[in-house]
>>> print(open('query_1.cif').read())   # mmCIF, C-alpha atoms
data_query
#
loop_
_atom_site.label_atom_id
_atom_site.label_comp_id
_atom_site.auth_asym_id
_atom_site.auth_seq_id
_atom_site.Cartn_x
_atom_site.Cartn_y
_atom_site.Cartn_z
CA MET B 6 -33.05 16.31 19.37
CA LEU B 7 -29.88 18.39 19.52
CA LYS B 8 -30.31 22.07 18.76
CA ASN B 9 -27.07 22.00 16.79
CA PRO B 10 -26.74 18.71 14.91
CA ILE B 11 -23.26 17.22 14.58
CA ARG B 12 -22.37 16.96 10.92
CA LEU B 13 -19.69 14.46 9.95
CA GLY B 14 -18.40 14.90 6.41
CA ASN B 15 -15.02 15.73 4.93
CA PHE B 16 -14.63 12.22 3.53
CA GLN B 17 -11.72 13.54 1.46
CA ASN B 18 -9.66 13.78 4.69
CA GLY B 19 -9.43 9.99 4.88
CA LEU B 20 -8.38 7.88 7.85
CA THR B 21 -7.38 9.23 11.23
CA SER B 22 -3.90 8.51 12.55
CA LEU B 23 -4.67 9.88 16.02
CA GLY B 24 -7.61 7.81 17.24
CA LYS B 25 -11.40 7.75 17.41
CA LEU B 26 -11.65 11.22 19.00
CA GLU B 27 -10.25 13.05 15.96
CA GLN B 28 -13.46 14.54 14.58
CA ASN B 29 -12.55 15.51 11.02
CA LYS B 30 -11.26 12.10 9.92
CA TRP B 31 -12.53 8.51 9.92
CA VAL B 32 -11.63 5.45 11.99
CA THR B 33 -12.33 2.90 9.23
CA MET B 34 -12.57 3.30 5.46
CA ASP B 35 -12.51 -0.09 3.71
CA ASN B 36 -13.16 -0.37 -0.05
CA VAL B 37 -14.03 3.33 -0.10
CA ASP B 38 -13.59 5.72 -3.03
CA ILE B 39 -13.21 9.30 -1.76
CA HIS B 40 -11.42 10.77 -4.79
CA THR B 41 -13.65 10.33 -7.86
CA GLU B 42 -16.12 12.91 -6.54
CA VAL B 43 -14.49 14.99 -3.84
CA GLY B 44 -16.68 15.29 -0.75
CA ILE B 45 -18.60 12.09 -1.54
CA ALA B 46 -17.86 8.58 -0.28
CA THR B 47 -18.81 5.56 -2.38
CA CYS B 48 -17.77 1.98 -3.14
CA ASN B 49 -14.51 1.15 -4.86
CA LEU B 50 -14.04 -1.68 -7.36
CA ASP B 51 -13.80 -5.16 -5.89
CA LEU B 52 -10.77 -7.41 -6.33
CA SER B 53 -11.08 -10.81 -7.98
CA VAL B 54 -8.77 -13.64 -9.08
CA GLU B 55 -7.18 -13.06 -12.48
CA SER B 56 -5.15 -16.27 -12.39
CA SER B 57 -4.87 -19.15 -9.93
CA THR B 58 -1.22 -19.49 -10.99
CA PRO B 59 1.17 -18.37 -9.72
CA ASN B 60 -0.23 -19.73 -6.47
CA GLU B 61 2.88 -18.76 -4.54
CA PRO B 62 3.78 -15.34 -3.10
CA CYS B 63 5.88 -13.52 -5.69
CA TYR B 64 7.93 -10.47 -6.50
CA SER B 65 7.06 -8.91 -9.86
CA ALA B 66 8.62 -6.79 -12.60
CA ILE B 67 7.43 -5.22 -15.85
CA VAL B 68 9.39 -4.98 -19.11
CA PRO B 69 8.98 -2.32 -21.83
CA ASP B 70 6.32 -4.16 -23.87
CA GLY B 71 4.08 -4.46 -20.78
CA THR B 72 4.79 -8.11 -20.04
CA VAL B 73 4.90 -8.78 -16.29
CA TYR B 74 7.08 -11.45 -14.72
CA PHE B 75 6.50 -13.05 -11.32
CA ALA B 76 9.34 -14.60 -9.30
CA SER B 77 8.31 -16.85 -6.44
CA LYS B 78 9.40 -15.92 -2.91
CA SER B 79 9.17 -19.56 -1.80
CA THR B 80 10.57 -21.52 -4.79
CA GLY B 81 12.61 -20.83 -7.92
CA LYS B 82 9.58 -20.62 -10.22
CA LEU B 83 9.27 -17.79 -12.73
CA TRP B 84 5.99 -16.94 -14.52
CA ARG B 85 5.20 -14.64 -17.44
CA ARG B 86 1.97 -12.63 -17.80
CA THR B 87 1.20 -11.23 -21.25
CA VAL B 88 -0.57 -7.90 -21.71
CA VAL B 89 -3.85 -9.77 -22.29
CA GLY B 90 -3.52 -11.61 -18.98
CA THR B 91 -2.25 -15.05 -20.04
CA TYR B 92 0.07 -16.69 -17.50
CA THR B 93 2.79 -19.25 -18.27
CA LEU B 94 5.39 -20.93 -16.08
CA ILE B 95 8.60 -20.31 -18.04
CA HIS B 96 11.49 -21.29 -15.78
CA THR B 97 12.61 -22.69 -12.44
CA ASN B 98 15.67 -21.09 -10.88
CA VAL B 99 18.00 -23.82 -9.63
CA ASN B 100 19.07 -21.56 -6.74
CA GLY B 101 15.62 -21.58 -5.12
CA ALA B 102 13.47 -18.85 -3.61
CA HIS B 103 13.82 -15.35 -5.04
CA ARG B 104 14.57 -12.10 -3.22
CA GLY B 105 13.81 -9.77 -6.12
CA ILE B 106 13.33 -9.21 -9.85
CA ARG B 107 13.96 -6.19 -12.11
CA TYR B 108 14.23 -5.31 -15.80
CA PHE B 109 17.53 -3.64 -16.72
CA ASN B 110 19.65 -3.16 -19.82
CA GLY B 111 17.57 -5.47 -22.03
CA ASN B 112 17.46 -8.38 -19.60
CA LEU B 113 15.17 -9.53 -16.83
CA TRP B 114 17.34 -9.88 -13.72
CA PHE B 115 16.27 -12.05 -10.81
CA TRP B 116 18.05 -12.91 -7.61
CA THR B 117 17.96 -15.17 -4.59
CA ALA B 118 19.68 -14.28 -1.30
CA THR B 119 23.10 -15.07 -2.80
CA ARG B 120 22.80 -15.54 -6.58
CA LEU B 121 22.02 -13.04 -9.35
CA GLY B 122 20.65 -14.46 -12.61
CA TYR B 123 19.06 -13.20 -15.81
CA PHE B 124 16.72 -14.00 -18.70
CA ASP B 125 17.37 -12.35 -22.07
CA LEU B 126 13.58 -12.22 -22.82
CA SER B 127 14.12 -14.75 -25.57
CA VAL B 128 15.58 -18.19 -24.79
CA THR B 129 18.62 -17.76 -22.57
CA TYR B 130 18.61 -18.15 -18.79
CA ASN B 131 21.61 -17.88 -16.47
CA ASP B 132 20.67 -18.53 -12.86
CA SER B 133 24.16 -17.92 -11.45
CA PHE B 134 25.57 -14.89 -13.24
CA ALA B 135 26.99 -13.37 -10.03
CA THR B 136 27.26 -13.98 -6.29
CA GLY B 137 26.23 -11.86 -3.30
CA THR B 138 25.88 -12.27 0.46
CA ASN B 139 22.33 -11.10 1.30
CA PHE B 140 20.49 -9.56 -1.66
CA ARG B 141 17.32 -7.54 -1.02
CA GLN B 142 15.77 -4.66 -3.02
CA GLY B 143 17.13 -3.64 -6.40
CA ILE B 144 16.58 -0.37 -8.32
CA GLU B 145 17.85 1.24 -11.50
CA ALA B 146 19.91 4.37 -10.83
CA ASN B 147 22.38 6.31 -12.95
CA ASN B 148 22.48 3.64 -15.67
CA SER B 149 23.15 0.84 -13.20
CA LEU B 150 21.17 -1.84 -11.41
CA LEU B 151 21.85 -1.37 -7.69
CA ILE B 152 20.95 -4.15 -5.24
CA ALA B 153 21.08 -4.04 -1.45
CA ASN B 154 23.60 -6.74 -0.49
CA GLY B 155 24.10 -7.05 3.25
CA ARG B 156 26.23 -4.08 4.36
CA PHE B 157 26.98 -3.33 0.73
CA THR B 158 25.35 -1.97 -2.39
CA ALA B 159 26.05 -4.21 -5.36
CA ARG B 160 26.22 -2.67 -8.84
CA LEU B 161 25.56 -4.10 -12.29
CA ASP B 162 26.63 -1.46 -14.81
CA SER B 163 25.47 -0.83 -18.38
CA GLY B 164 28.12 -3.23 -19.69
CA ASN B 165 26.80 -5.97 -17.37
CA VAL B 166 29.92 -5.76 -15.22
CA PHE B 167 29.06 -6.76 -11.64
CA SER B 168 30.57 -5.49 -8.40
CA ALA B 169 29.23 -6.99 -5.15
CA ASN B 170 30.76 -4.36 -2.84
CA GLU B 171 30.29 -1.00 -4.55
CA PHE B 172 29.29 0.96 -1.43
CA VAL B 173 29.31 0.04 2.26
CA VAL B 174 27.51 1.24 5.39
CA PRO B 175 28.80 0.81 8.98
CA ALA B 176 29.30 -2.73 10.19
CA MET B 177 26.21 -3.13 12.39
CA PHE B 178 23.75 -2.16 9.62
CA GLU B 179 22.35 -4.16 6.72
CA GLN B 180 20.84 -2.46 3.69
CA THR B 181 17.14 -3.24 3.14
CA ILE B 182 15.58 -0.68 0.78
CA LEU B 183 16.78 1.74 -1.92
CA GLN B 184 15.12 4.84 -3.40
CA ASN B 185 16.13 7.15 -6.28
CA ILE B 186 16.20 10.81 -5.22
CA GLY B 187 17.38 12.83 -8.19
CA ASP B 188 20.93 11.70 -8.96
CA ASP B 189 21.30 10.24 -5.47
CA VAL B 190 20.10 7.05 -3.81
CA LEU B 191 18.60 6.94 -0.32
CA ILE B 192 19.44 3.69 1.48
CA GLY B 193 17.39 2.35 4.38
CA THR B 194 18.81 -0.23 6.78
CA ILE B 195 18.15 -2.56 9.69
CA VAL B 196 20.32 -3.65 12.62
CA SER B 197 18.17 -6.61 13.69
CA THR B 198 14.62 -7.33 14.78
CA GLU B 199 15.85 -6.95 18.37
CA VAL B 200 17.26 -3.42 17.93
CA ALA B 201 14.78 -0.53 17.84
CA TYR B 202 16.66 1.87 15.58
CA CYS B 203 17.95 2.00 12.04
CA LYS B 204 19.66 4.52 9.78
CA PHE B 205 19.27 6.10 6.37
CA PHE B 206 22.21 7.05 4.17
CA LEU B 207 22.15 9.35 1.12
CA TRP B 208 24.70 8.22 -1.49
CA ASN B 209 25.56 9.94 -4.78
CA THR B 210 26.28 6.49 -6.40
CA VAL B 211 29.88 7.54 -7.13
CA SER B 212 31.67 8.37 -3.86
CA SER B 213 32.94 5.82 -1.39
CA SER B 214 31.09 7.60 1.43
CA TRP B 215 27.63 9.09 1.98
CA SER B 216 26.45 12.71 1.89
CA TYR B 217 24.00 12.54 4.82
CA GLU B 218 22.90 10.02 7.39
CA ASP B 219 20.04 10.03 9.87
CA GLU B 220 18.78 7.74 12.60
CA VAL B 221 15.17 6.58 12.99
CA PHE B 222 14.08 4.87 16.20
CA GLU B 223 12.24 1.96 14.59
CA ILE B 224 13.04 -1.71 13.96
CA GLY B 225 14.24 -1.42 10.38
CA ALA B 226 13.34 0.39 7.17
CA ASN B 227 10.68 -1.68 5.38
CA THR B 228 9.63 0.03 2.15
CA PHE B 229 9.57 3.35 0.32
CA VAL B 230 6.41 5.11 -0.86
CA GLN B 231 6.70 8.07 -3.23
CA ILE B 232 3.99 10.75 -3.12
CA ASP B 233 4.79 13.15 -5.96
CA ASN B 234 8.18 14.53 -4.89
CA LEU B 235 7.80 13.43 -1.26
CA TYR B 236 9.88 10.35 -0.44
CA ILE B 237 8.36 8.40 2.44
CA ALA B 238 9.76 5.36 4.25
CA GLN B 239 7.62 2.96 6.23
CA CYS B 240 9.66 1.87 9.24
CA GLY B 241 9.23 -0.46 12.19
CA THR B 242 6.39 -2.75 13.20
CA GLU B 243 3.54 -0.35 14.04
CA GLY B 244 2.67 1.39 10.78
CA ARG B 245 4.65 4.63 11.10
CA PHE B 246 5.93 6.56 8.08
CA TYR B 247 8.78 9.07 7.79
CA TYR B 248 9.72 11.46 4.97
CA TRP B 249 13.08 12.63 3.67
CA THR B 250 13.63 16.38 4.17
CA GLY B 251 16.74 16.51 2.00
CA SER B 252 19.11 15.76 4.84
CA ARG B 253 17.02 14.08 7.57
CA MET B 254 14.06 11.77 8.09
CA ALA B 255 11.02 13.44 9.72
CA TYR B 256 7.84 11.86 11.07
CA PHE B 257 4.98 11.85 8.54
CA ARG B 258 2.04 9.88 9.94
CA LYS B 259 0.78 6.49 11.06
CA ILE B 260 -1.78 4.01 9.75
CA ARG B 261 -3.50 2.89 12.91
CA GLY B 262 -4.05 -0.76 13.75
CA ILE B 263 -1.63 -2.35 11.29
CA THR B 264 1.49 -4.45 11.81
CA THR B 265 4.38 -3.75 9.45
CA SER B 266 7.56 -5.57 8.45
CA LEU B 267 10.15 -5.71 5.67
CA ASN B 268 8.56 -6.05 2.22
CA TRP B 269 10.11 -3.72 -0.32
CA GLN B 270 7.58 -4.49 -3.06
CA ASN B 271 4.36 -3.47 -1.35
CA TYR B 272 4.27 -0.06 -3.07
CA THR B 273 3.12 0.86 -6.58
CA ASN B 274 1.40 3.76 -8.34
CA LEU B 275 -1.96 3.50 -10.11
CA GLY B 276 -3.08 6.54 -12.11
CA ASN B 277 -0.81 8.87 -10.08
CA ARG B 278 -2.25 7.41 -6.89
CA PRO B 279 0.41 5.85 -4.62
CA LEU B 280 -0.74 2.47 -3.27
CA TYR B 281 0.67 0.68 -0.24
CA LEU B 282 -0.08 -3.00 0.43
CA ASN B 283 -0.26 -4.18 4.03
CA GLY B 284 -1.70 -7.55 4.94
CA SER B 285 -5.03 -7.90 3.15
CA LYS B 286 -5.56 -4.17 2.46
CA VAL B 287 -4.29 -1.79 -0.18
CA TYR B 288 -4.10 1.79 1.08
CA SER B 289 -3.80 4.89 -1.06
CA PHE B 290 -1.93 8.09 -0.17
CA HIS B 291 -3.58 10.65 -2.40
CA LYS B 292 -5.04 14.12 -2.78
CA GLU B 293 -7.25 14.83 -5.77
CA ASP B 294 -6.48 18.55 -5.64
CA ASN B 295 -3.30 20.26 -4.49
CA ALA B 296 -5.24 22.23 -1.86
CA LEU B 297 -6.42 19.03 -0.16
CA PRO B 298 -4.53 16.90 2.37
CA ALA B 299 -2.81 13.68 1.28
CA ALA B 300 -5.52 11.35 2.59
CA VAL B 301 -4.97 7.70 3.46
CA VAL B 302 -7.81 5.27 2.76
CA ALA B 303 -8.06 1.48 2.38
CA GLU B 304 -9.22 1.40 -1.24
CA TYR B 305 -9.06 -2.35 -1.80
CA THR B 306 -9.44 -5.43 0.40
CA LEU B 307 -8.18 -8.95 -0.35
CA PRO B 308 -9.59 -12.19 1.06
CA VAL B 309 -5.99 -13.32 1.75
CA ILE B 310 -2.64 -11.73 2.60
CA GLY B 311 -0.93 -9.93 -0.26
CA ALA B 312 2.73 -10.47 -1.18
CA SER B 313 3.49 -7.72 -3.74
CA VAL B 314 1.84 -5.15 -5.98
CA ILE B 315 2.56 -3.90 -9.49
CA VAL B 316 0.63 -1.98 -12.17
CA GLN B 317 0.48 -2.86 -15.86
CA ALA B 318 -1.05 0.13 -17.71
CA GLN B 319 -4.14 0.70 -15.49
CA THR B 320 -4.36 -2.88 -14.23
CA LEU B 321 -3.49 -3.49 -10.60
CA LEU B 322 -1.87 -6.90 -10.02
CA ILE B 323 -1.52 -8.27 -6.49
CA SER B 324 0.40 -11.48 -5.86
CA THR B 325 -0.77 -13.68 -2.98
CA SER B 326 -0.01 -17.21 -1.81
CA THR B 327 -3.08 -18.55 -3.65
CA ALA B 328 -3.52 -16.44 -6.82
CA VAL B 329 -2.96 -13.12 -8.56
CA TYR B 330 -5.77 -10.61 -7.97
CA THR B 331 -6.84 -7.61 -10.03
CA GLN B 332 -9.70 -5.08 -10.16
CA ASP B 333 -13.10 -6.54 -10.89
CA THR B 334 -15.82 -4.86 -12.96
CA ASN B 335 -18.11 -5.16 -9.93
CA TYR B 336 -17.92 -3.04 -6.81
CA ALA B 337 -17.04 -4.03 -3.27
CA THR B 338 -19.09 -3.39 -0.14
CA ALA B 339 -17.65 -0.31 1.55
CA VAL B 340 -17.44 0.19 5.32
CA ILE B 341 -17.04 3.59 7.01
CA GLU B 342 -16.64 4.00 10.76
CA SER B 343 -17.08 7.45 12.29
CA PRO B 344 -15.12 9.07 15.08
CA GLU B 345 -16.62 8.86 18.54
CA VAL B 346 -19.01 11.67 19.45
CA GLN B 347 -19.09 12.47 23.16
CA THR B 348 -22.68 13.60 23.58
CA GLN B 349 -26.11 11.97 23.78
CA ILE B 350 -27.67 11.28 20.37
CA SER B 351 -31.28 10.53 19.57
CA ASP B 352 -31.24 10.33 15.76
CA ILE B 353 -28.75 9.46 13.00
CA ARG B 354 -29.26 10.38 9.36
CA VAL B 355 -27.10 9.64 6.33
CA LYS B 356 -27.50 12.19 3.55
CA TYR B 357 -27.00 10.64 0.12
CA ASP B 358 -26.32 11.76 -3.40
CA ALA B 359 -27.35 8.43 -4.96
CA TYR B 360 -29.28 5.55 -3.40
CA PRO B 361 -29.82 2.51 -5.61
CA GLU B 362 -30.06 0.44 -2.41
CA GLY B 363 -27.95 -0.69 0.49
CA ILE B 364 -27.02 2.05 2.96
CA GLY B 365 -26.80 0.25 6.29
CA ILE B 366 -26.47 1.93 9.69
CA GLU B 367 -24.96 0.40 12.83
CA THR B 368 -24.44 2.14 16.17
CA SER B 369 -22.05 1.62 19.06
CA ILE B 370 -23.22 3.20 22.32
CA ASN B 371 -20.78 3.86 25.16
CA GLY B 372 -18.13 1.70 23.47
CA ALA B 373 -20.31 -1.42 23.23
CA SER B 374 -20.53 -3.71 20.20
CA TYR B 375 -22.15 -2.39 17.05
CA VAL B 376 -25.90 -2.95 16.74
CA THR B 377 -27.56 -3.08 13.33
CA GLN B 378 -30.44 -0.63 12.92
CA THR B 379 -33.39 -0.79 10.54
CA PRO B 380 -32.88 1.86 7.85
CA VAL B 381 -35.67 4.03 6.49
CA VAL B 382 -35.28 5.93 3.21
CA ASP B 383 -36.60 9.48 2.93
CA ASP B 384 -36.61 10.19 -0.83
CA LEU B 385 -37.76 13.78 -0.35
CA ARG B 386 -34.91 14.76 1.96
CA ARG B 387 -32.51 12.32 0.25
CA GLU B 388 -31.41 10.71 3.47
CA VAL B 389 -31.44 7.35 5.24
CA TYR B 390 -32.18 7.16 8.95
CA PHE B 391 -33.14 4.48 11.45
CA ASN B 392 -36.16 3.89 13.67
CA GLY B 393 -36.04 3.88 17.43
CA GLY B 394 -33.32 6.36 18.35
CA VAL B 395 -30.32 5.84 20.61
CA VAL B 396 -31.07 5.03 24.23
CA ASP B 397 -28.98 6.13 27.24
CA GLY B 398 -25.85 6.85 25.24
CA TYR B 399 -23.25 9.43 26.15
CA THR B 400 -20.74 8.40 23.49
CA THR B 401 -21.73 7.21 20.03
CA GLN B 402 -19.95 5.79 17.01
CA VAL B 403 -21.65 5.02 13.73
CA ARG B 404 -20.66 2.41 11.15
CA ILE B 405 -22.08 2.85 7.67
CA THR B 406 -22.14 0.03 5.12
CA LEU B 407 -22.51 0.88 1.43
CA THR B 408 -23.71 -2.16 -0.53
CA PRO B 409 -23.50 -1.95 -4.35
CA SER B 410 -26.05 -3.32 -6.79
CA GLY B 411 -24.25 -4.30 -9.98
CA SER B 412 -22.74 -1.12 -11.41
CA ASN B 413 -24.95 1.06 -9.19
CA VAL B 414 -23.38 2.22 -5.95
CA PRO B 415 -24.61 4.31 -3.03
CA LYS B 416 -22.97 7.73 -2.70
CA ILE B 417 -23.15 9.57 0.60
CA LYS B 418 -22.38 13.19 1.44
CA GLU B 419 -22.74 13.51 5.19
CA ILE B 420 -23.68 11.77 8.42
CA THR B 421 -25.80 13.88 10.75
CA LEU B 422 -26.11 13.09 14.45
CA GLN B 423 -28.89 14.86 16.34
#
>>> encode(input="query_1.cif", output="structure tokens")
Amino acid sequence: MLKNPIRLGNFQNGLTSLGKLEQNKWVTMDNVDIHTEVGIATCNLDLSVESSTPNEPCYSAIVPDGTVYFASKSTGKLWRRTVVGTYTLIHTNVNGAHRGIRYFNGNLWFWTATRLGYFDLSVTYNDSFATGTNFRQGIEANNSLLIANGRFTARLDSGNVFSANEFVVPAMFEQTILQNIGDDVLIGTIVSTEVAYCKFFLWNTVSSSWSYEDEVFEIGANTFVQIDNLYIAQCGTEGRFYYWTGSRMAYFRKIRGITTSLNWQNYTNLGNRPLYLNGSKVYSFHKEDNALPAAVVAEYTLPVIGASVIVQAQTLLISTSTAVYTQDTNYATAVIESPEVQTQISDIRVKYDAYPEGIGIETSINGASYVTQTPVVDDLRREVYFNGGVVDGYTTQVRITLTPSGSNVPKIKEITLQ
């Protein structure tokens, strides 16, 4: 037994961006809640199907009464979700697959790559109100709907007057994402998937030119994530994030092991917790207290690939190619993988705060595959450990599985290696 046990805690620090040797963060945190009780890791709510239609990947938008609309990315179909969760197919856009959807000025606006249309929230649809060249993300800014449109920013003003070429960036760039920053708009771009740099332009929405520009050496700007007053852009293909300093983009952090691409609607905010959808996981960027770091953790896991996220009140809605998912009343099985400890270990103990059942321990010795161990519960010391010890190991990683039982969930405080 080690004279000085290695204590792994600090769950509130979230996932590592540096690798398995960073000792105060975690390699894997799937379906883990680290914010409800700071310092404790437990299971998060599971995700389940709310509706099997729309069964196509969609963009989504919410209107003032809480109704959510879904616009298919693969066809022209448009669905409505009421505040009680009833879905109805209400329209099919004759111009085909959508590129975006947004409420503005009393209408629901939806667009394909080249056509802007609207629904007056009553009976009137116009699929071809205006024409563009390559529509992408749209935002409301300074009493206008602004839409990325190839090199240009298109504007729909408060009188529903449309201009396709309101603002232009240099010829080699195409606008991909837009973000309100005070009275200005930050515009992210792409050159092509074969060119490993892009630029950001800060525009005051009035001038014909930009206030600042900065280059980022990544293949395109993919989405914005807002953490309080920190404006973060996910760029490139390898999960790196950059933040706006006021005049430049600066490196923020990376989510290890993910592949990223253009999808402007994979960010939302649930209860002041920024959520970022990537593949089948929904990550949060959050700190429960201002003195804590902004931790990243995979709070939710889907059985399929997600297409977009939106929040209605406190309901998380995730569009996929098969259904729309939301939070369940049951909890998901949580998985936590520790950093690698470079010393020989003979005993592993998981100290718990609550143990209804289901704290599993697996070990990886010298980088080998994980081996499931037989857990033993010590009620007196409030810990779970395993029989047998670790044999001939000079590096060790531990994977902990927290299995819920109905509304009862395990809560752990620390993993001790000795």
>>> resolve_selection(input="query_1.cif", expression="the PyMOL selection byres ((chain B and resi 8-16) around 9)", output="list in words")
Met6, Leu7, Gln17, Asn18, Gly19, Leu20, Gln28, Asn29, Lys30, Trp31, Ile39, Val43, Gly44, Ile45, Ala46, Ser343, Pro344, Val346, Lys418, Glu419, Ile420, Thr421, Leu422 and Gln423 of chain B
>>> residues_around(input="query_1.cif", residues="range 144-154 of chain B", least_positions_apart="5", cutoff="10 Å", atoms="only C-alpha atoms", output="PyMOL selection string")
chain B and resi 105-110+114+116+118-119+121+136-139+159-173+179-190+192-194+209-211
>>> resolve_selection(input="query_1.cif", expression="the PyMOL selection byres ((chain B and resi 323) around 6)", output="list in words")
Ser313, Val314, Leu322, Ser324, Val329 and Tyr330 of chain B
>>> resolve_selection(input="query_1.cif", expression="the PyMOL selection byres ((chain B and resi 260) around 12)", output="short mmCIF file (atom, residue, chain, number, x, y, z; two decimals) with C-alpha atoms, in the frame of the given file")
data_model
loop_
_atom_site.label_atom_id
_atom_site.label_comp_id
_atom_site.auth_asym_id
_atom_site.auth_seq_id
_atom_site.Cartn_x
_atom_site.Cartn_y
_atom_site.Cartn_z
CA GLY B 19 -9.43 9.99 4.88
CA LEU B 20 -8.38 7.88 7.85
CA THR B 21 -7.38 9.23 11.23
CA SER B 22 -3.90 8.51 12.55
CA LEU B 23 -4.67 9.88 16.02
CA GLY B 24 -7.61 7.81 17.24
CA TRP B 31 -12.53 8.51 9.92
CA VAL B 32 -11.63 5.45 11.99
CA THR B 33 -12.33 2.90 9.23
CA MET B 34 -12.57 3.30 5.46
CA GLN B 239 7.62 2.96 6.23
CA CYS B 240 9.66 1.87 9.24
CA THR B 242 6.39 -2.75 13.20
CA GLU B 243 3.54 -0.35 14.04
CA GLY B 244 2.67 1.39 10.78
CA ARG B 245 4.65 4.63 11.10
CA PHE B 246 5.93 6.56 8.08
CA TYR B 247 8.78 9.07 7.79
CA PHE B 257 4.98 11.85 8.54
CA ARG B 258 2.04 9.88 9.94
CA LYS B 259 0.78 6.49 11.06
CA ARG B 261 -3.50 2.89 12.91
CA GLY B 262 -4.05 -0.76 13.75
CA ILE B 263 -1.63 -2.35 11.29
CA THR B 264 1.49 -4.45 11.81
CA THR B 265 4.38 -3.75 9.45
CA TYR B 281 0.67 0.68 -0.24
CA LEU B 282 -0.08 -3.00 0.43
CA ASN B 283 -0.26 -4.18 4.03
CA LYS B 286 -5.56 -4.17 2.46
CA VAL B 287 -4.29 -1.79 -0.18
CA TYR B 288 -4.10 1.79 1.08
CA SER B 289 -3.80 4.89 -1.06
CA PHE B 290 -1.93 8.09 -0.17
CA ALA B 300 -5.52 11.35 2.59
CA VAL B 301 -4.97 7.70 3.46
CA VAL B 302 -7.81 5.27 2.76
CA ALA B 303 -8.06 1.48 2.38
#
>>> residues_around(input="query_1.cif", residues="range 347-356 of chain B", least_positions_apart="2", cutoff="10 Å", atoms="all atoms listed in the file", output="JSON, numbers by chain")
{"B": [6, 7, 10, 11, 12, 13, 14, 26, 344, 345, 358, 359, 360, 364, 365, 366, 367, 368, 370, 371, 380, 381, 382, 383, 386, 387, 388, 389, 390, 391, 392, 393, 394, 395, 396, 397, 398, 399, 400, 401, 402, 403, 405, 416, 417, 418, 419, 420, 421, 422, 423]}
>>> atom_distance(input="query_1.cif", atom1="CA of Asn49 in chain B", atom2="CA of Ser410 in chain B")
12.5 Å
>>> atom_distance(input="query_1.cif", atom1="CA of Arg156 in chain B", atom2="CA of Pro175 in chain B")
7.2 Å
>>> closest_residue(input="query_1.cif", among="B:Thr97, B:Thr377, B:Gln142, B:Ser266", to="Thr198 in chain B", atoms="all atoms listed in the file")
B:Ser266
>>> closest_residue(input="query_1.cif", among="B:Asn36, B:Thr47, B:Asn274, B:Ser326", to="Tyr357 in chain B", atoms="all atoms listed in the file")
B:Thr47
>>> closest_residue(input="query_1.cif", among="B:Ala255, B:Leu267, B:Trp249, B:Pro308", to="Ala226 in chain B", atoms="all atoms listed in the file")
B:Leu267
>>> atom_distance(input="query_1.cif", atom1="CA of Ser79 in chain B", atom2="CA of Ala102 in chain B")
4.7 Å
>>> residues_around(input="query_1.cif", residues="Val68 in chain B", least_positions_apart="3", cutoff="8 Å", atoms="only C-alpha atoms", output="number ranges by chain")
B: 71-73, 108, 113
>>> closest_residue(input="query_1.cif", among="B:Ser56, B:Ser65, B:Asn413, B:Asn227", to="Lys82 in chain B", atoms="all atoms listed in the file")
B:Ser65
>>> residues_around(input="query_1.cif", residues="Ala337 in chain B", least_positions_apart="2", cutoff="10 Å", atoms="only C-alpha atoms", output="list in words")
Asp35, Asn36, Val37, Thr47, Cys48, Asn49, Leu50, Asp51, Leu52, Glu304, Tyr305, Thr306, Asp333, Thr334, Asn335, Ala339, Val340, Leu407, Thr408, Pro409, Ser410, Gly411 and Val414 of chain B
>>> closest_residue(input="query_1.cif", among="B:Thr406, B:Thr228, B:Thr117, B:Val89", to="Tyr272 in chain B", atoms="all atoms listed in the file")
B:Thr228
>>> residues_around(input="query_1.cif", residues="Gly122 in chain B", least_positions_apart="5", cutoff="7 Å", atoms="all atoms listed in the file", output="PyMOL selection string")
chain B and resi 114-116+131-135
>>> closest_residue(input="query_1.cif", among="B:Tyr217, B:Tyr123, B:Tyr74, B:Phe222", to="Asn98 in chain B", atoms="only C-alpha atoms")
B:Tyr123
>>> decode(input="query_1.cif", residues="range 334-356 of chain B", atoms="C-alpha atoms", output="compact mmCIF listing (two decimals), in the first residue's frame")
# COMPACT_ATOMS: atom_id res chain seq x y z
CA THR B 334 -37.44 11.57 -15.94
CA ASN B 335 -35.03 8.66 -15.50
CA TYR B 336 -31.28 8.94 -15.18
CA ALA B 337 -28.56 7.74 -17.52
CA THR B 338 -25.61 5.52 -16.65
CA ALA B 339 -22.61 7.78 -16.10
CA VAL B 340 -19.03 6.90 -17.06
CA ILE B 341 -15.94 8.58 -15.59
CA GLU B 342 -12.41 7.79 -16.74
CA SER B 343 -9.48 8.95 -14.61
CA PRO B 344 -6.15 10.35 -15.73
CA GLU B 345 -3.27 7.91 -15.89
CA VAL B 346 -1.30 7.49 -12.67
CA GLN B 347 2.35 6.59 -13.22
CA THR B 348 3.05 4.49 -10.15
CA GLN B 349 2.27 0.97 -8.96
CA ILE B 350 -1.14 0.62 -7.31
CA SER B 351 -2.40 -2.17 -5.10
CA ASP B 352 -5.86 -0.91 -4.10
CA ILE B 353 -8.56 1.37 -5.54
CA ARG B 354 -11.39 2.82 -3.46
CA VAL B 355 -14.30 5.03 -4.51
CA LYS B 356 -15.59 7.21 -1.69
